[in-house]
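Everything on this sheet refers to the single structure shown next.
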Amino acid sequence: MSGNRQRAILVNVSLALLVLVWLVPVFGLFISSFRDRFDIQTSGWWSIFPHREWVLVEEIDPREEGLDATGTMEIFGVTATFEEMREGIETPDGMRIQWVGNRRIGNIEVQEQVWAVNWEFTLDNYKQVLQGKDFEITNADGTVEVIPGDDFSAALFNSLAVAIPATVIPILIAAFAAYGFAWMSFPGRRFFFIIVVALLVVPLQIALVPVLQFYANPRIDLNGTYLAIWLAHAGFGMSLATYLLFNYISTMPRETLESAFIDGASHFKVFTSLILPLSVPALASFAIFQFLWVWNDYLVALIFLGSDPEFQVVTMRLAEIVGDRGQDWHLLTAGAFVTMLLPLAVFFGLQRFFVRGMMAGSVKG
């Protein structure tokens, strides 16, 4: 086997293991989002696969058998103390004996190990997360508990209202800027391009305070509005968009553009008729980056939109659910998976352009 083939196999195996490491928790999150609260609290999500578990076959009253929980007890050919029975002990015939309850009023359960799968799924978790109405949940002991819904749907629409304009605005502006830097001659072009690229290293946190002070000016008064967060995300994403699109647009055939100019086309005509249609891979690549960044953002949304429930985005709503229902994993997993659906759809819808857009300009012929 050649060295190149060995390296290829090693790379493929490493990538497969990496993908598996990432997919296992995602798959567990997906399965848990369809399980009810009792199942999540009593068993792991991997119980959907065939496994061995103990099931109750008989329940014995130790008082009727004359057993003394304060000393050593003998039952089914096994001698053990109360503490050992609380942990569970196995009999010679493969059964398990376990004391359930306290010394005074507890019972002894006889359990048998059998093959089992847990395929009891429900959509109630998603209904409770997405809707605002109250839900009745029947607990394992038969009691009924009324739990208010979380109304996640409003946060989804708020996130769409933030993410779509915050993705489109920087793409439109950066595309014009990238075309100008790549194909137009004007004084200071190189200097201004260096400034744009240098802004990539400016930390987001440094800019938040001055931008917030600017928005708080009575003449501006943008705090708590969608326009504020649109402009903030557009400003923070402009440098990356310009640099990414410049790398792609600058590699386009010069002969094609020169022939268009000879035919009398203006820069605007060339940009709209040639550059934009040919730049779809680069535009899609940045759209993926920008949309995922804005959709998953919590800090910028919290600062510029505030904590008003009317304007909460999915990250803020999910954080609130974590605070209110920190133990309700059936709701947290459903809410987390709801927030993942749209970004996954965007990525898979545009991923065929992703590699082409990212590799643009990396190789010069």
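Every chain in the structure tokens has a letter given in the order shown (A, B, ...), and although residue numbers restart at 1 in each chain, ligands are simply numbered from 1 in the order shown.
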Residues of segment 195-231 of chain A at most 12 Å from segment 169-179 of chain A: nearest atom pair and distance in Å, only C-alpha atoms, as JSON lines:
{"residue": "A:Val196", "atom": "CA", "partner": "A:Ala177", "partner_atom": "CA", "distance": 10.0}
{"residue": "A:Val197", "atom": "CA", "partner": "A:Ala178", "partner_atom": "CA", "distance": 11.5}
{"residue": "A:Leu227", "atom": "CA", "partner": "A:Ile169", "partner_atom": "CA", "distance": 11.2}
{"residue": "A:Ile229", "atom": "CA", "partner": "A:Ile169", "partner_atom": "CA", "distance": 11.7}
{"residue": "A:Trp230", "atom": "CA", "partner": "A:Ile169", "partner_atom": "CA", "distance": 8.0}
{"residue": "A:Leu231", "atom": "CA", "partner": "A:Ile169", "partner_atom": "CA", "distance": 8.4}
Skip Ile194 of chain A itself and residues of its chain fewer than 5 positions away, then list as a ChimeraX atom specification all residues within 12 Å of it, counting only C-alpha atoms.
-> /A:181,188-189,199-201,239,242-243
Give me a file of those residues, with N, CA, C and O atoms, as an mmCIF file, in the first residue's frame.
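Result file selection.cif:
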data_model
loop_
_atom_site.group_PDB
_atom_site.id
_atom_site.type_symbol
_atom_site.label_atom_id
_atom_site.label_comp_id
_atom_site.auth_asym_id
_atom_site.auth_seq_id
_atom_site.Cartn_x
_atom_site.Cartn_y
_atom_site.Cartn_z
ATOM 1 N N PHE A 181 -13.213 47.751 -4.952
ATOM 2 C CA PHE A 181 -11.812 47.469 -4.629
ATOM 3 C C PHE A 181 -11.160 46.588 -5.690
ATOM 4 O O PHE A 181 -9.951 46.681 -5.931
ATOM 5 N N GLY A 188 -6.401 56.107 -3.077
ATOM 6 C CA GLY A 188 -6.469 55.506 -1.752
ATOM 7 C C GLY A 188 -7.123 54.147 -1.703
ATOM 8 O O GLY A 188 -7.479 53.670 -0.616
ATOM 9 N N ARG A 189 -7.268 53.495 -2.872
ATOM 10 C CA ARG A 189 -7.967 52.201 -2.887
ATOM 11 C C ARG A 189 -7.271 51.172 -2.002
ATOM 12 O O ARG A 189 -7.922 50.504 -1.196
ATOM 13 N N LEU A 199 -10.057 45.882 10.230
ATOM 14 C CA LEU A 199 -11.203 45.901 11.147
ATOM 15 C C LEU A 199 -11.651 44.491 11.545
ATOM 16 O O LEU A 199 -12.424 44.340 12.503
ATOM 17 N N LEU A 200 -11.162 43.476 10.833
ATOM 18 C CA LEU A 200 -11.497 42.110 11.195
ATOM 19 C C LEU A 200 -10.981 41.735 12.584
ATOM 20 O O LEU A 200 -11.537 40.849 13.245
ATOM 21 N N VAL A 201 -9.908 42.382 13.021
ATOM 22 C CA VAL A 201 -9.296 42.021 14.299
ATOM 23 C C VAL A 201 -9.878 42.822 15.465
ATOM 24 O O VAL A 201 -9.479 42.614 16.608
ATOM 25 N N SER A 239 -16.675 43.786 7.338
ATOM 26 C CA SER A 239 -15.272 43.555 6.985
ATOM 27 C C SER A 239 -15.082 42.159 6.395
ATOM 28 O O SER A 239 -14.438 41.993 5.352
ATOM 29 N N THR A 242 -16.718 41.959 2.893
ATOM 30 C CA THR A 242 -15.949 42.649 1.855
ATOM 31 C C THR A 242 -14.706 41.853 1.470
ATOM 32 O O THR A 242 -14.384 41.693 0.285
ATOM 33 N N TYR A 243 -13.991 41.337 2.458
ATOM 34 C CA TYR A 243 -12.777 40.584 2.181
ATOM 35 C C TYR A 243 -13.095 39.289 1.427
ATOM 36 O O TYR A 243 -12.405 38.934 0.456
#
Quick one: everything within 9 Å of Leu292 of chain A, counting only C-alpha atoms, minus sequence neighbours fewer than 5 positions away in the same chain. Send it as an MDAnalysis selection string.
-> chainID A and resid 163 287 297 343 346:347
Could you pull out the helix (DSSP H, G or I) residues of segment 268-323 of chain A from DSSP and send them as a PyMOL selection string?
-> chain A and resi 268-278+280-295+299-305+309-311+314-323
Selection: 12 Å around segment 204-213 of chain A, only C-alpha atoms, excl. self and same-chain fewer than 5 positions, as an NGL selection string = :A and (199 or 218-224 or 228-229 or 231-233 or 235-237 or 297 or 299-306)
Got a sec to tell me which of segment 1-241 of chain A DSSP assigns to strand (DSSP E), as a ChimeraX atom specification?
-> /A:51-60,73-75,78-80,89-90,96-100,107-116,135-138,144-147
Can I get the selected residues back with C-alpha atoms, as a short mmCIF file (atom, residue, chain, number, x, y, z; two decimals), in the first residue's frame?
data_model
loop_
_atom_site.label_atom_id
_atom_site.label_comp_id
_atom_site.auth_asym_id
_atom_site.auth_seq_id
_atom_site.Cartn_x
_atom_site.Cartn_y
_atom_site.Cartn_z
CA HIS A 51 -30.42 -3.44 26.13
CA ARG A 52 -30.75 -5.54 29.25
CA GLU A 53 -32.75 -4.08 32.12
CA TRP A 54 -34.36 -5.26 35.35
CA VAL A 55 -38.16 -5.51 35.42
CA LEU A 56 -40.41 -6.19 38.42
CA VAL A 57 -41.91 -9.68 38.52
CA GLU A 58 -42.96 -9.96 42.17
CA GLU A 59 -43.29 -7.76 45.25
CA ILE A 60 -42.88 -9.25 48.74
CA MET A 73 -31.99 -11.54 56.40
CA GLU A 74 -32.23 -14.69 54.31
CA ILE A 75 -34.53 -14.98 51.31
CA VAL A 78 -29.40 -15.32 49.69
CA THR A 79 -28.26 -13.86 53.01
CA ALA A 80 -27.78 -10.08 53.16
CA ILE A 89 -28.31 -8.45 45.24
CA GLU A 90 -28.54 -11.27 42.70
CA ARG A 96 -32.29 -9.65 41.64
CA ILE A 97 -33.70 -8.78 45.06
CA GLN A 98 -33.93 -5.12 46.04
CA TRP A 99 -35.39 -3.42 49.10
CA VAL A 100 -37.46 -0.39 48.16
CA ASN A 107 -41.04 -3.78 50.39
CA ILE A 108 -38.81 -6.26 48.61
CA GLU A 109 -38.94 -6.33 44.81
CA VAL A 110 -37.98 -9.42 42.86
CA GLN A 111 -36.65 -8.38 39.46
CA GLU A 112 -35.78 -10.27 36.32
CA GLN A 113 -33.31 -9.10 33.66
CA VAL A 114 -34.80 -9.02 30.15
CA TRP A 115 -34.03 -7.50 26.77
CA ALA A 116 -35.93 -4.25 26.23
CA PHE A 135 -50.46 21.70 29.46
CA GLU A 136 -51.57 18.94 31.79
CA ILE A 137 -48.92 16.33 32.55
CA THR A 138 -49.71 13.07 34.31
CA VAL A 144 -51.87 15.69 37.24
CA GLU A 145 -49.64 18.77 37.00
CA VAL A 146 -50.54 21.91 35.03
CA ILE A 147 -47.52 23.58 33.40
#
